[in-house]
Structures are given as structure tokens and as C-alpha cells.
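S.K.: Next comes the structure file final_17.txt, holding compact mmCIF, C-alpha atoms.
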# COMPACT_ATOMS: atom_id res chain seq x y z
CA MET A 1489 106.54 87.17 51.09
CA PRO A 1490 102.95 88.18 50.32
CA PHE A 1491 101.31 90.82 52.46
CA LYS A 1492 98.77 89.58 54.97
CA ARG A 1493 97.54 92.79 56.65
CA PHE A 1494 95.83 95.29 54.35
CA VAL A 1495 94.49 98.77 54.77
CA GLU A 1496 90.79 98.07 54.32
CA ILE A 1497 87.52 99.05 55.89
CA GLY A 1498 87.27 97.24 59.19
CA ARG A 1499 91.00 96.75 59.76
CA VAL A 1500 91.97 97.36 63.38
CA ALA A 1501 95.18 99.37 63.70
CA GLN A 1502 97.23 101.02 66.41
CA ILE A 1503 98.26 104.64 66.20
CA ASN A 1504 102.03 104.79 66.58
CA TYR A 1505 102.74 108.53 66.48
CA GLY A 1506 101.27 111.69 67.86
CA LYS A 1507 98.81 112.65 70.53
CA GLU A 1508 96.77 109.46 70.21
CA TYR A 1509 99.83 107.24 70.52
CA GLY A 1510 98.95 103.67 71.46
CA ARG A 1511 95.24 103.86 70.74
CA LEU A 1512 93.48 101.01 68.94
CA VAL A 1513 91.34 102.28 66.09
CA VAL A 1514 89.29 100.87 63.23
CA ILE A 1515 89.77 102.05 59.65
CA VAL A 1516 86.30 103.08 58.50
CA ASP A 1517 87.18 104.69 55.18
CA VAL A 1518 90.17 105.34 52.96
CA ILE A 1519 90.47 108.98 51.94
CA ASP A 1520 93.35 108.81 49.49
CA GLN A 1521 96.72 107.23 48.96
CA THR A 1522 98.05 108.59 52.24
CA ARG A 1523 95.16 109.10 54.63
CA ALA A 1524 92.42 107.05 56.19
CA LEU A 1525 89.34 107.90 58.19
CA VAL A 1526 89.63 106.22 61.54
CA ASP A 1527 87.24 105.66 64.45
CA ALA A 1528 87.19 104.17 67.93
CA PRO A 1529 84.42 103.81 70.53
CA ASP A 1530 85.82 106.57 72.76
CA MET A 1531 87.19 108.87 70.09
CA VAL A 1532 85.88 111.39 67.63
CA ARG A 1533 86.07 110.04 64.09
CA SER A 1534 89.10 111.66 62.46
CA GLN A 1535 91.53 111.34 59.59
CA VAL A 1536 94.97 110.00 60.15
CA ASN A 1537 97.97 109.52 57.91
CA LEU A 1538 98.54 105.86 57.09
CA LYS A 1539 102.15 106.29 58.17
CA ARG A 1540 100.87 106.81 61.70
CA LEU A 1541 99.11 103.47 61.75
CA SER A 1542 100.45 100.03 62.58
CA LEU A 1543 98.08 97.40 61.21
CA THR A 1544 97.04 94.47 63.34
CA ASP A 1545 95.72 91.02 62.44
CA ILE A 1546 92.23 91.85 63.56
CA LYS A 1547 89.54 92.78 61.06
CA ILE A 1548 85.91 93.49 61.83
CA ASP A 1549 82.87 93.39 59.58
CA ILE A 1550 81.51 96.88 58.99
CA LYS A 1551 80.10 98.93 56.16
CA ARG A 1552 81.89 102.10 54.98
CA VAL A 1553 81.75 104.75 57.75
CA PRO A 1554 79.29 103.14 60.17
CA LYS A 1555 77.49 105.02 62.90
CA LYS A 1556 79.18 104.93 66.28
CA LYS A 1557 76.55 102.54 67.64
CA ASP A 1558 77.03 100.12 64.74
CA LEU A 1559 80.78 100.34 65.09
CA ILE A 1560 80.59 99.43 68.77
CA GLN A 1561 78.23 96.55 67.98
CA ALA A 1562 80.57 95.20 65.32
CA MET A 1563 83.53 95.45 67.69
CA GLU A 1564 81.65 93.51 70.34
CA ALA A 1565 80.63 90.87 67.80
CA ALA A 1566 84.22 90.37 66.68
CA ASP A 1567 85.40 90.50 70.32
CA VAL A 1568 88.21 92.87 69.42
CA LYS A 1569 89.20 93.68 73.00
CA ASN A 1570 89.77 90.08 74.08
CA ARG A 1571 91.48 89.07 70.85
CA TRP A 1572 93.81 92.02 71.22
CA GLU A 1573 94.65 91.32 74.85
CA LYS A 1574 95.31 87.65 74.10
CA SER A 1575 97.50 88.31 71.08
CA SER A 1576 101.24 88.35 71.71
CA TRP A 1577 101.45 92.01 70.65
CA GLY A 1578 98.69 92.96 73.06
CA ARG A 1579 100.22 90.95 75.90
CA LYS A 1580 103.59 92.63 75.38
CA LEU A 1581 101.97 96.04 75.66
CA ILE A 1582 100.28 95.11 78.93
CA VAL A 1583 103.60 93.98 80.38
CA GLN A 1584 105.31 97.17 79.19
CA LYS A 1585 102.63 99.29 80.87
CA ARG A 1586 102.96 97.38 84.11
CA ARG A 1587 106.74 97.71 84.09
CA ALA A 1588 106.55 101.47 83.49
CA ALA A 1589 104.22 101.91 86.45
CA LEU A 1590 106.49 100.09 88.89
CA ASN A 1591 107.18 101.47 92.32
CA ASP A 1592 110.63 101.25 93.94
CA PHE A 1593 109.11 98.74 96.37
CA ASP A 1594 107.66 96.77 93.45
CA ARG A 1595 111.05 96.58 91.79
CA PHE A 1596 112.50 95.28 95.05
CA LYS A 1597 109.82 92.59 95.26
CA ILE A 1598 110.48 91.60 91.66
CA MET A 1599 114.17 91.29 92.42
CA LEU A 1600 113.41 88.92 95.31
CA ALA A 1601 111.07 86.89 93.11
CA LYS A 1602 113.68 86.61 90.34
CA ILE A 1603 116.29 85.42 92.83
CA LYS A 1604 113.87 82.82 94.17
CA ARG A 1605 113.00 81.58 90.71
CA ALA A 1606 116.65 81.38 89.69
CA SER A 1607 117.51 79.37 92.78
CA VAL A 1608 114.69 76.90 92.11
CA VAL A 1609 115.88 76.48 88.53
CA ARG A 1610 119.46 75.95 89.62
CA HIS A 1611 118.38 73.33 92.15
CA GLU A 1612 116.67 71.35 89.44
CA ILE A 1613 119.63 71.63 87.12
CA ALA A 1614 121.94 70.41 89.86
CA LYS A 1615 119.66 67.47 90.48
CA LEU A 1616 119.58 66.57 86.80
CA LYS A 1617 123.34 66.83 86.55
CA LYS A 1618 123.74 64.55 89.51
CA ALA A 1619 121.29 62.07 88.05
CA SER A 1620 123.00 61.98 84.66
CA SER A 1621 126.58 61.75 85.94
CA MET B 327 81.92 153.22 111.46
CA ALA B 328 78.93 150.91 111.07
CA PRO B 329 79.85 147.64 109.40
CA LYS B 330 78.99 147.51 105.68
CA SER B 331 76.27 144.96 105.08
CA THR B 332 76.42 145.15 101.28
CA ARG B 333 79.26 146.09 98.98
CA LYS B 334 78.93 149.74 97.94
CA VAL B 335 78.25 150.00 94.22
CA SER B 336 78.60 153.25 92.34
CA ARG B 337 75.30 154.98 91.72
CA ASN B 338 76.62 156.15 88.36
CA PRO B 339 76.94 153.23 85.94
CA GLU B 340 79.89 153.46 83.54
CA LEU B 341 79.04 153.78 79.87
CA ILE B 342 82.61 153.82 78.68
CA ARG B 343 85.74 154.14 80.79
CA GLY B 344 85.70 157.66 82.21
CA ILE B 345 82.14 158.53 81.19
CA GLY B 346 79.24 157.92 83.52
CA LYS B 347 75.59 157.71 82.60
CA TYR B 348 74.44 160.61 84.75
CA SER B 349 75.53 164.24 84.67
CA ARG B 350 76.83 166.21 87.64
CA SER B 351 73.47 167.72 88.45
CA GLN B 352 71.71 164.36 88.14
CA MET B 353 74.27 162.77 90.45
CA TYR B 354 73.81 165.66 92.90
CA HIS B 355 70.15 164.79 93.03
CA LYS B 356 70.74 161.01 93.22
CA ARG B 357 73.15 161.29 96.13
CA GLY B 358 70.60 163.32 98.03
CA ILE B 359 72.92 166.23 98.79
CA TRP B 360 69.78 168.48 98.60
CA ALA B 361 68.19 166.43 101.38
CA ILE B 362 71.30 166.55 103.55
CA LYS B 363 71.49 170.30 103.07
CA ALA B 364 67.79 170.77 103.83
CA LYS B 365 68.24 168.87 107.10
CA ASN B 366 71.16 171.09 108.01
CA GLY B 367 69.60 174.47 107.19
CA GLY B 368 70.90 175.03 103.67
CA VAL B 369 74.59 174.11 104.09
CA LEU B 370 76.48 170.85 104.13
CA PRO B 371 77.06 169.76 107.72
CA ARG B 372 80.50 170.47 109.05
CA HIS B 373 82.03 168.33 111.74
CA ASP B 374 84.68 169.78 113.98
CA PRO B 375 87.88 167.78 114.04
CA ILE B 376 88.26 165.30 116.91
CA PRO B 377 90.48 166.95 119.54
CA LYS B 378 93.80 165.16 119.63
CA PRO B 379 95.09 164.14 123.03
CA GLU B 380 97.89 166.47 124.15
CA ALA B 381 101.28 165.02 123.32
CA PRO B 382 103.88 165.57 126.04
CA ALA B 383 106.39 168.32 125.24
CA LEU B 384 109.49 166.81 123.63
CA LYS B 385 112.85 167.91 125.02
CA PRO B 386 115.57 168.43 122.43
CA PRO B 387 117.87 165.32 122.42
CA LYS B 388 121.19 165.61 124.27
CA PHE B 389 123.07 163.62 121.66
CA TYR B 390 123.04 163.87 117.89
CA PRO B 391 124.95 161.16 116.01
CA ALA B 392 127.84 162.47 113.91
CA ASP B 393 126.72 160.91 110.63
CA ASP B 394 123.23 160.60 109.35
CA VAL B 395 122.79 156.86 109.31
CA LYS B 396 119.79 155.46 107.47
CA LYS B 397 117.59 153.25 109.53
CA PRO B 398 116.90 149.90 107.88
CA LEU B 399 113.31 149.27 106.85
CA VAL B 400 111.10 147.29 109.16
CA ASN B 401 110.90 143.57 108.30
CA LYS B 402 108.11 141.73 110.07
CA HIS B 403 108.51 138.42 108.18
CA LYS B 404 108.22 135.36 110.34
CA PRO B 405 109.99 132.33 108.91
CA LYS B 406 107.71 129.42 108.01
CA PRO B 407 108.82 125.81 107.77
CA THR B 408 109.74 124.77 104.22
CA LYS B 409 106.83 123.77 102.04
CA LEU B 410 106.54 120.01 102.19
CA ARG B 411 106.34 118.24 98.83
CA ALA B 412 102.91 116.76 98.21
CA SER B 413 104.44 113.32 97.78
CA ILE B 414 105.81 113.34 101.34
CA THR B 415 103.12 112.45 103.89
CA PRO B 416 103.53 110.86 107.32
CA GLY B 417 104.44 107.24 106.78
CA THR B 418 106.07 107.66 103.38
CA VAL B 419 109.18 105.61 102.70
CA LEU B 420 111.98 107.99 101.76
CA ILE B 421 115.37 107.27 100.19
CA LEU B 422 118.20 109.25 101.76
CA LEU B 423 120.60 110.62 99.19
CA ALA B 424 123.44 112.09 101.19
CA GLY B 425 125.27 111.76 104.43
CA ARG B 426 126.21 108.75 106.47
CA PHE B 427 123.04 106.89 105.63
CA LYS B 428 122.91 107.53 101.91
CA GLY B 429 120.92 104.97 100.00
CA LYS B 430 118.98 103.86 103.04
CA ARG B 431 115.23 103.55 102.84
CA VAL B 432 113.67 105.22 105.79
CA VAL B 433 110.20 106.02 107.20
CA PHE B 434 109.08 109.66 107.39
CA LEU B 435 107.39 110.63 110.65
CA LYS B 436 106.69 114.34 110.59
CA GLN B 437 108.01 117.75 109.60
CA LEU B 438 109.65 119.69 112.42
CA PRO B 439 109.07 123.43 112.92
CA SER B 440 112.48 124.19 111.40
CA GLY B 441 111.37 122.57 108.15
CA LEU B 442 113.53 119.47 108.49
CA LEU B 443 111.97 116.04 108.24
CA LEU B 444 111.94 113.68 111.21
CA VAL B 445 112.73 110.15 110.06
CA THR B 446 113.53 106.82 111.61
CA GLY B 447 114.97 103.59 110.11
CA PRO B 448 113.48 101.93 112.13
CA PHE B 449 116.77 101.48 113.94
CA LYS B 450 116.43 97.71 114.27
CA ILE B 451 115.92 97.25 110.55
CA ASN B 452 118.55 99.45 108.97
CA GLY B 453 120.48 101.30 111.69
CA VAL B 454 119.02 104.73 111.01
CA PRO B 455 118.01 106.31 114.34
CA LEU B 456 115.49 109.09 114.92
CA ARG B 457 117.08 111.73 112.81
CA ARG B 458 116.49 115.02 111.10
CA VAL B 459 116.90 115.18 107.34
CA ASN B 460 116.55 117.92 104.77
CA GLN B 461 113.80 117.57 102.22
CA SER B 462 116.16 118.35 99.35
CA TYR B 463 118.33 115.31 100.03
CA VAL B 464 115.53 112.83 99.86
CA ILE B 465 113.57 110.91 97.24
CA ALA B 466 110.00 110.18 98.23
CA THR B 467 108.71 106.80 97.10
CA SER B 468 105.04 106.13 96.77
CA THR B 469 105.18 103.37 99.39
CA LYS B 470 103.42 104.32 102.61
CA VAL B 471 103.57 102.76 106.06
CA ASP B 472 100.73 103.09 108.53
CA ILE B 473 102.00 105.28 111.38
CA SER B 474 98.73 106.05 113.09
CA ALA B 475 99.94 104.02 116.08
CA VAL B 476 103.12 106.07 116.44
CA ASN B 477 103.23 109.08 118.77
CA VAL B 478 105.75 111.70 117.62
CA ASP B 479 104.36 114.72 119.41
CA ASN B 480 107.21 115.13 121.87
CA PHE B 481 109.95 115.47 119.25
CA ASP B 482 111.04 118.89 118.09
CA ASP B 483 114.22 120.63 116.98
CA LYS B 484 115.48 121.23 120.53
CA TYR B 485 115.58 117.45 121.06
CA PHE B 486 118.19 117.13 118.33
CA THR B 487 120.49 120.09 118.96
CA LYS B 488 124.02 119.33 120.09
CA GLU B 489 124.86 120.02 123.72
CA ALA B 490 126.90 123.25 124.01
CA GLN B 491 130.48 122.21 124.75
CA LYS B 492 132.11 124.10 127.57
CA LYS B 493 135.50 125.41 126.55
CA LYS B 494 138.15 123.77 128.70
CA LYS B 495 141.04 125.94 129.64
CA LYS B 496 144.15 123.99 128.85
CA GLY B 497 146.87 124.09 131.41
CA GLU B 498 150.41 123.36 130.19
CA GLY B 499 150.44 119.89 131.62
CA GLU B 500 147.24 118.90 129.89
CA PHE B 501 148.43 120.34 126.62
CA PHE B 502 151.36 117.96 126.49
CA GLU B 503 149.25 114.98 127.39
CA GLY B 504 147.49 115.32 124.11
CA GLU B 505 143.84 115.91 123.49
CA ARG B 506 141.64 113.72 125.56
CA GLU B 507 138.49 113.09 123.63
CA GLU B 508 135.52 112.64 125.86
CA LYS B 509 133.26 110.08 124.35
CA SER B 510 129.73 111.39 124.21
CA VAL B 511 127.40 108.62 125.30
CA LEU B 512 123.86 108.58 123.96
CA PRO B 513 121.58 109.29 126.90
CA GLN B 514 119.28 106.47 127.91
CA GLN B 515 116.25 108.69 127.35
CA LYS B 516 117.00 108.86 123.64
CA LYS B 517 117.44 105.11 123.42
CA ASP B 518 114.07 104.59 125.07
CA ASP B 519 112.40 107.08 122.73
CA GLN B 520 113.82 105.20 119.78
CA LYS B 521 112.49 101.93 121.13
CA THR B 522 108.97 103.21 121.72
CA VAL B 523 108.69 104.81 118.30
CA ASP B 524 110.09 101.77 116.55
CA ALA B 525 107.96 99.25 118.43
CA ALA B 526 104.76 100.72 117.04
CA LEU B 527 106.28 101.10 113.59
CA LEU B 528 107.61 97.57 113.41
CA LYS B 529 104.16 96.16 113.99
CA ALA B 530 102.84 98.11 111.01
CA ILE B 531 105.82 97.11 108.87
CA GLU B 532 105.67 93.40 109.58
CA ILE B 533 102.13 93.26 108.26
CA VAL B 534 103.26 94.08 104.73
CA PRO B 535 105.21 91.20 103.14
CA ASP B 536 108.80 92.01 102.13
CA LEU B 537 108.61 95.55 103.51
CA LYS B 538 111.07 94.78 106.28
CA ALA B 539 113.65 93.44 103.81
CA TYR B 540 112.96 96.43 101.58
CA LEU B 541 113.72 98.89 104.35
CA GLY B 542 116.83 96.97 105.27
CA ALA B 543 118.30 97.10 101.78
CA ARG B 544 120.12 100.09 100.35
CA PHE B 545 118.94 101.76 97.18
CA SER B 546 121.18 101.67 94.13
CA LEU B 547 121.10 102.02 90.37
CA LYS B 548 122.75 99.32 88.36
CA ASP B 549 123.54 98.82 84.71
CA GLY B 550 120.49 97.68 82.86
CA VAL B 551 118.06 98.46 85.68
CA GLU B 552 115.36 100.76 84.42
CA PRO B 553 113.79 103.02 86.94
CA GLY B 554 110.27 104.02 86.08
CA VAL B 555 109.57 107.27 84.26
CA ALA B 556 108.10 108.81 87.36
CA TRP B 557 111.29 108.01 89.23
CA LEU B 558 113.37 109.71 86.56
CA GLN B 559 111.22 112.78 86.94
CA ARG B 560 112.16 113.03 90.56
CA ILE B 561 115.85 112.58 89.91
CA LEU B 562 116.01 115.04 87.08
CA GLY B 563 113.66 117.45 88.78
CA LEU B 564 111.67 117.78 85.59
CA SER B 565 108.04 118.72 85.67
CA LEU B 566 105.62 115.89 84.99
CA LYS B 567 104.15 117.68 82.01
CA LYS B 568 107.51 117.75 80.28
CA LEU B 569 107.84 114.01 80.59
CA GLY B 570 104.24 113.37 79.66
CA CYS B 571 103.72 111.23 82.74
CA LYS B 572 100.51 111.09 84.76
CA GLU B 573 101.64 109.30 87.90
CA TYR B 574 102.86 110.83 91.13
CA LEU B 575 101.54 114.29 90.55
CA ASP B 576 103.42 116.47 92.93
Would it be possible to restate this file's structure as C-alpha cells?
M.R.:
Amino acid sequence: MPFKRFVEIGRVAQINYGKEYGRLVVIVDVIDQTRALVDAPDMVRSQVNLKRLSLTDIKIDIKRVPKKKDLIQAMEAADVKNRWEKSSWGRKLIVQKRRAALNDFDRFKIMLAKIKRASVVRHEIAKLKKASS
Amino acid sequence: MAPKSTRKVSRNPELIRGIGKYSRSQMYHKRGIWAIKAKNGGVLPRHDPIPKPEAPALKPPKFYPADDVKKPLVNKHKPKPTKLRASITPGTVLILLAGRFKGKRVVFLKQLPSGLLLVTGPFKINGVPLRRVNQSYVIATSTKVDISAVNVDNFDDKYFTKEAQKKKKKGEGEFFEGEREEKSVLPQQKKDDQKTVDAALLKAIEIVPDLKAYLGARFSLKDGVEPGVAWLQRILGLSLKKLGCKEYLD
């Protein structure tokens, strides 16, 4: 099982611990065996321990420690935001966020929708059973 | 006294706490005491005290209490209605947590002067009539109903108090008959009030899809159902900061 995602300049990662939990950042430099310099369009460039990063599939084309403007340009060129939101990981996060923000009324509406969907499915199954028997 | 137009500032600026910039003689000059004295012929003006109106002569009291009893201190506090949680505004859907209607989702109308909340089912939807409810036994959801069309001005605490029961003197014959319970019938006036309030509310409720079914269903927690974090905060009474949650700031 060879590794596919590497810590390299331009690798997009997600911070998985600490104050910046959940933020998507780009690795702009590697400081040493344990730390990397990390940057994002709406964040001050800072160092972060590699243990706090979860690497993603996305990699952008930048030079070592680019200026904020160049970083933003490179992210637009690689279309990081859309690729992230379309990826299965990104989609799961969106669903999680929506579920956490649910209202009691929303949960009620979801329950009704699930019941409706289940009944439709059961109808079809009954029809198929009848057809096959 | 003439009203002060500007705030009086000390004429002697403080260098360090307790030490002013100017000496006693300098301050004497700054305050103009010399000018006041000059106006008054060399002495500070002296005003005679205002003559007090003559108090009537007090007769010695006829009765002295045997023990010296301390008088309690004066308490002029006027009770205010309980502070309403910021999440509870007119039209909020509340979940009742205790009593006969526990678990029912109900619409909040207004806070009464006693501090209790006036709520209604509406009666047609879930059987909860116009009722008073304590804020502590209620979860406020973030769902709001439009109650601008509802007029609740004529409801107050007196409307809801029980009628004082007259004590019936039991004769021996009645005692052996057993207690006759008189059924208290709800007066027609109250039924009409319920209808008028609910009519306006129902119109607002039917506009929102599923809201009527929502209000008709009871609230419950089941295995595997995850309430939102904000909901947990309300149940556990934890502050939002502790849970790290930004929604529903109270």
C-alpha cells in the first residue's frame, strides 16, 4: 500500500485539532520533521504540528511561501473550493454541519420525509414481489 | 439651588493622590474668598438658619409596650415579573416539560404580570387551552409563529385564578349521603375567548407547511435520535461558551 498523499508545498490539508479545527489550509513550507508552515486566504500564516493536519487529495501549484495574493490566485486556478465541496469528504462535512444546526421543527419535518420515502420504497417492493410471484 | 449646567471640577489639579498642585494660600486666592470677603465688609457672609416651622407639642404616650421590640427595616421593593429568556418572544413554539400537557408543543402568546407565560395549543390542534405556564418548565424552540393578528390584551392573571369555593356547612344528613362533587363547568366566555384567539393563530399556522402536524405531535427523545448541540445546551443548562456553540445565543 504505497502512500498517495504527501506533506509537500501546495498540499491542501484540514486542521483536525485545536482552535482552528475544521479549517482548510495549504502547506506552504515544511519547517522540520514535525512542523509545517501553513496558510489560508482568511488566516494569518502560522506553523502547525503535522499531527494536527489531515491531508487531502488536493494539491495546488505554488512556490515556497507565496505571498497571500499569489496563494489566493493559485487556489482559484486549482478551484480548491469546488473540488473540496464535490469530494465525498467535503460533502460529508456539509451534511454534518447541516445536521448539527437542525431545529426541533426541522427534525420533525425530516421524520415525516423519511416516513414518506420509506412508504414509497415499500410500495415498490410490494409491487415487485407481486410481479415475481 | 440653581441647576448645575456643567459638572464641577476641582480647581486644584491632583499631582499625586493626596497632593494638589496649589498651596493653601494659592487656593484661597483662586476660590476668590478675598473677593467674597471684600463684598461683605471684611468677613465671610453668615446666613442665619432657616426658621423651622413649629412642631406641635408631643404628649407623652399613654402606653409603653412591655418589651422593647425592634421594628423591622423598611422594604420598598416592588416585585417585577420574572426576566423572560431572550429566546422566548411572542409567537415562539415552546415545549412543555411538566404537568398534564408535558411534551406538547405550544405557542407562546405573552408574559403575564405575575411572570408566568400565557400559552395556547391552539386547542383544536393539540388540546392545550389558554393556559399559564412557568418559564422554568419550558424549552423554547427557535420556531416562531406570526401572532401579529392575535389580540391578547384582555388576558391577565385574574382571568385564570380559581373561583373561591364557599365552604358548605355539612348537616348530618348530607354527611351520610357522601360528598357530592359539583362539576365545575367551563364558562362560555372562556370558550369564546379560546376560539377567537385560536382562529387568528390557526390562519398563521396553516401557512407554514407541516407546522400544524408539528404542533399536534408530542416531543420525545428516542434511542439513536441526536438532538442538536444547541438543544443539549438548553437541557443541561450549560452556557453556550462551555459547549463552544454559536447558535441560539440566549
S.K.: Each residue of chain A with at least one atom at most 12 Å from chain B should appear once, together with its nearest atom pair and the corresponding distance in Å (one decimal); atoms considered: all atoms listed in the file; ordering: chain, then increasing residue number; output as a Markdown table.
M.R.:
| residue | atom | partner | partner_atom | distance |
| --- | --- | --- | --- | --- |
| A:Lys1507 | CA | B:Gly570 | CA | 10.6 |
| A:Tyr1509 | CA | B:Gly570 | CA | 11.9 |
| A:Gln1584 | CA | B:Gly554 | CA | 10.9 |
| A:Lys1585 | CA | B:Gly554 | CA | 10.4 |
| A:Arg1586 | CA | B:Gly554 | CA | 10.1 |
| A:Arg1587 | CA | B:Gly554 | CA | 7.5 |
| A:Ala1588 | CA | B:Gly554 | CA | 5.2 |
| A:Ala1589 | CA | B:Gly554 | CA | 6.4 |
| A:Leu1590 | CA | B:Gly554 | CA | 6.1 |
| A:Asn1591 | CA | B:Ser468 | CA | 6.8 |
| A:Asp1592 | CA | B:Thr467 | CA | 6.7 |
| A:Phe1593 | CA | B:Thr469 | CA | 6.8 |
| A:Asp1594 | CA | B:Thr469 | CA | 9.2 |
| A:Arg1595 | CA | B:Pro553 | CA | 8.5 |
| A:Phe1596 | CA | B:Tyr540 | CA | 6.6 |
| A:Lys1597 | CA | B:Asp536 | CA | 7.0 |
| A:Ile1598 | CA | B:Asp536 | CA | 10.6 |
| A:Met1599 | CA | B:Tyr540 | CA | 10.6 |
| A:Leu1600 | CA | B:Asp536 | CA | 8.8 |
| A:Ala1601 | CA | B:Asp536 | CA | 10.6 |
S.K.: Just want the 10 Å neighbourhood of segment 1527-1531 of chain A, counted on only C-alpha atoms, with same-chain residues fewer than 6 positions away dropped. Output as a list of chain:residue names.
M.R.: A:Gly1498, A:Val1500, A:Glu1508, A:Arg1511, A:Leu1512, A:Val1513, A:Val1514, A:Ile1515, A:Val1516, A:Asp1517, A:Val1553, A:Pro1554, A:Lys1555, A:Lys1556, A:Lys1557, A:Leu1559, A:Ile1560, A:Gln1561, A:Met1563
S.K.: Counting only C-alpha atoms, what is within 12 Å of Gly425 of chain B, bar same-chain residues fewer than 4 positions away, as a PyMOL selection string?
M.R.: chain B and resi 421+429-430+454+457-460+463-464
S.K.: Name the residues within 9 Å of (116.7, 104.3, 113.4), counting all atoms listed in the file in the file's coordinates, and put them as a list in words.
M.R.: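 Residues lying no farther than 9 Å from the given point: Val432, Val445, Thr446, Gly447, Pro448, Phe449, Lys450, Ile451, Asn452, Gly453, Val454, Pro455, Leu456, Arg457, Gln520 and Asp524 of chain B.
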S.K.: Suppose we keep C-alpha atoms; can you now write the selection as a CSV table (one decimal), keeping the file's coordinate frame?
M.R.:
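Output below, filename out-v3.csv:
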chain,number,residue,atom,x,y,z
B,432,VAL,CA,113.7,105.2,105.8
B,445,VAL,CA,112.7,110.2,110.1
B,446,THR,CA,113.5,106.8,111.6
B,447,GLY,CA,115.0,103.6,110.1
B,448,PRO,CA,113.5,101.9,112.1
B,449,PHE,CA,116.8,101.5,113.9
B,450,LYS,CA,116.4,97.7,114.3
B,451,ILE,CA,115.9,97.2,110.6
B,452,ASN,CA,118.6,99.4,109.0
B,453,GLY,CA,120.5,101.3,111.7
B,454,VAL,CA,119.0,104.7,111.0
B,455,PRO,CA,118.0,106.3,114.3
B,456,LEU,CA,115.5,109.1,114.9
B,457,ARG,CA,117.1,111.7,112.8
B,520,GLN,CA,113.8,105.2,119.8
B,524,ASP,CA,110.1,101.8,116.6
S.K.: List the neighbours of segment 482-486 of chain B out to 10 Å using all atoms listed in the file; skip same-chain residues closer than 4 positions along the sequence, and give me the result as number ranges by chain.
M.R.: B: 436-442, 444, 456-458, 478, 516
S.K.: In Å, with one decimal, what is the gap from atom CA of Lys529 of chain B to atom CA of Lys517 of chain B?
M.R.: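 Answer for the atom CA of Lys529 of chain B to atom CA of Lys517 of chain B separation: 18.6 Å.
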S.K.: Name the closest residue to Glu1496 of chain A among the candidates A:Ala1562, A:Arg1552, A:Asn1537, A:Thr1522; distances are taken between atoms, counting all atoms listed in the file.
M.R.: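 Among A:Ala1562, A:Arg1552, A:Asn1537, A:Thr1522, it is A:Arg1552 that comes nearest to Glu1496 of chain A.
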